[in-house]
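The structure under discussion appears below in the form of structure tokens.
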Amino acid sequence: SRLKLRSSAQGSSKKQSSSPIPPDLIPPPDLQGHKPREWSPQALAFLGDSVWELVVRRLYFAPRTHVREYNNSVRKMVNAEAQSDIVKKLKAGNFMTDSERNILRWGRNANMTKPSRLQGKTGANIYKDATGLEVLVGFLYITDMERLQEYMVELGVHGQ
């Protein structure tokens, strides 16, 4: 797996030669005067899920390979278990700000219907972590693209 947390000081930023999310690729949606916290965590998870998947798909797009290989690589990172592992690593480190930890917690507490493969207490916690990460990604996507870029670099989800 290409996903590895860098060890870094909180909030540090290193410029990469290839940006994980080119800012002009898909600009954040117009919130029509509303504040991001006015959206439900479910709505932010909906957005964050798609942003996360696009970034991961972009990561694995090169070198050229069969679509089956692309999908296999992406599936390893775009699932609740992998996202839960990421959350555990983020929570154990010092990269996240207190505000970001609060957004993650808000997302974890969202009332979401988990897939049948994740039934039970352990599965519920995995799904809550994954939802929390998606909420954080969605929130940062609409509020602070630069910080979202820093997360993608920190997580090793950036271009070659």
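For the structure tokens, the naming scheme is as follows: chains receive sequential letters (A, B, ...) according to their order of presentation, residues are indexed from 1 within each chain, and ligands are indexed from 1 in presentation order.
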When you look at region 100-109 of chain A with a cut-off of 10 Å (counting only C-alpha atoms), what residues show up, excluding the ones that are within fewer than 4 positions of it in the same chain? I need them as a PDB file with C-alpha atoms, in the first residue's frame.
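File written: part.pdb
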ATOM      1  CA  ARG A  37     -21.427  23.599   9.886  1.00  0.00           C
ATOM      2  CA  SER A  40     -25.220  17.766   8.136  1.00  0.00           C
ATOM      3  CA  PRO A  41     -22.285  15.445   8.769  1.00  0.00           C
ATOM      4  CA  GLN A  42     -23.994  13.008   6.403  1.00  0.00           C
ATOM      5  CA  LEU A  44     -20.222  16.368   4.304  1.00  0.00           C
ATOM      6  CA  ALA A  45     -19.431  12.621   4.342  1.00  0.00           C
ATOM      7  CA  VAL A  87      -8.136   7.769  11.576  1.00  0.00           C
ATOM      8  CA  LEU A  90      -4.094  10.494  12.737  1.00  0.00           C
ATOM      9  CA  LYS A  91      -5.535  10.439  16.262  1.00  0.00           C
ATOM     10  CA  PHE A  95      -0.894  16.428  12.845  1.00  0.00           C
ATOM     11  CA  MET A  96      -4.558  17.262  13.528  1.00  0.00           C
ATOM     12  CA  ALA A 124     -19.776   0.056  14.016  1.00  0.00           C
ATOM     13  CA  ASN A 125     -16.571   1.674  15.287  1.00  0.00           C
ATOM     14  CA  ILE A 126     -14.824   1.045  11.975  1.00  0.00           C
ATOM     15  CA  TYR A 127     -17.699   2.670  10.106  1.00  0.00           C
ATOM     16  CA  LYS A 128     -17.822   5.620  12.511  1.00  0.00           C
ATOM     17  CA  ASP A 129     -14.102   6.245  11.975  1.00  0.00           C
ATOM     18  CA  ALA A 130     -14.523   6.069   8.190  1.00  0.00           C
ATOM     19  CA  THR A 131     -17.465   8.462   8.307  1.00  0.00           C
ATOM     20  CA  GLY A 132     -15.480  10.823  10.527  1.00  0.00           C
ATOM     21  CA  LEU A 133     -12.648  10.895   8.006  1.00  0.00           C
ATOM     22  CA  GLU A 134     -15.062  11.532   5.135  1.00  0.00           C
ATOM     23  CA  VAL A 135     -16.680  14.395   7.062  1.00  0.00           C
ATOM     24  CA  LEU A 136     -13.282  15.920   7.758  1.00  0.00           C
ATOM     25  CA  VAL A 137     -12.247  15.599   4.091  1.00  0.00           C
ATOM     26  CA  PHE A 139     -15.308  19.935   5.466  1.00  0.00           C
ATOM     27  CA  LEU A 140     -11.728  20.796   4.519  1.00  0.00           C
TER      28      LEU A 140
END
Query raised in the report: Mind checking DSSP for region 24-98 of chain A and telling me the helix (DSSP H, G or I) residues as a PyMOL selection string?
Result: chain A and resi 36-38+41-60+67-75+80-92+98
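Between Leu59 (chain A) and the residues A:Ala110, A:Asn94, A:Met152, A:Glu81, the shortest atom-to-atom distance, using only C-alpha atoms, involves A:Met152.
Separating CA of Tyr60 (chain A) from CA of Gly156 (chain A) is a distance of 11.9 Å.
Among the candidates A:Val157, A:Ala82, A:Ile142, A:Leu148, the residue lying nearest to Lys35 (chain A) is A:Ile142 (atoms considered: only C-alpha atoms).
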Query raised in the report: Which of these residues is nearest to Arg58 (chain A), using only C-alpha atoms: A:Asp85, A:His158, A:Asn111, A:Thr97?
Result: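 Checking each candidate against Arg58 (chain A), we get A:His158 as the closest.
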Query - Which of A:Pro27, A:Ser99, A:Gly93, A:Val74 sits closest to Val55 (chain A) [using only C-alpha atoms] - result: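 When distances to Val55 (chain A) are compared using only C-alpha atoms, the smallest one comes from A:Val74.
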Requested in this report: Calculate how many Å separate CA of Val56 (chain A) from CA of His34 (chain A), rounding to one decimal.
Outcome: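 Those two atoms sit 28.9 Å apart.
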Query raised in the report: Quick one: distance from CA of Gly33 (chain A) to CA of Leu47 (chain A) in Å, one decimal?
Result: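 One can read the CA of Gly33 (chain A) to CA of Leu47 (chain A) distance as 17.9 Å.
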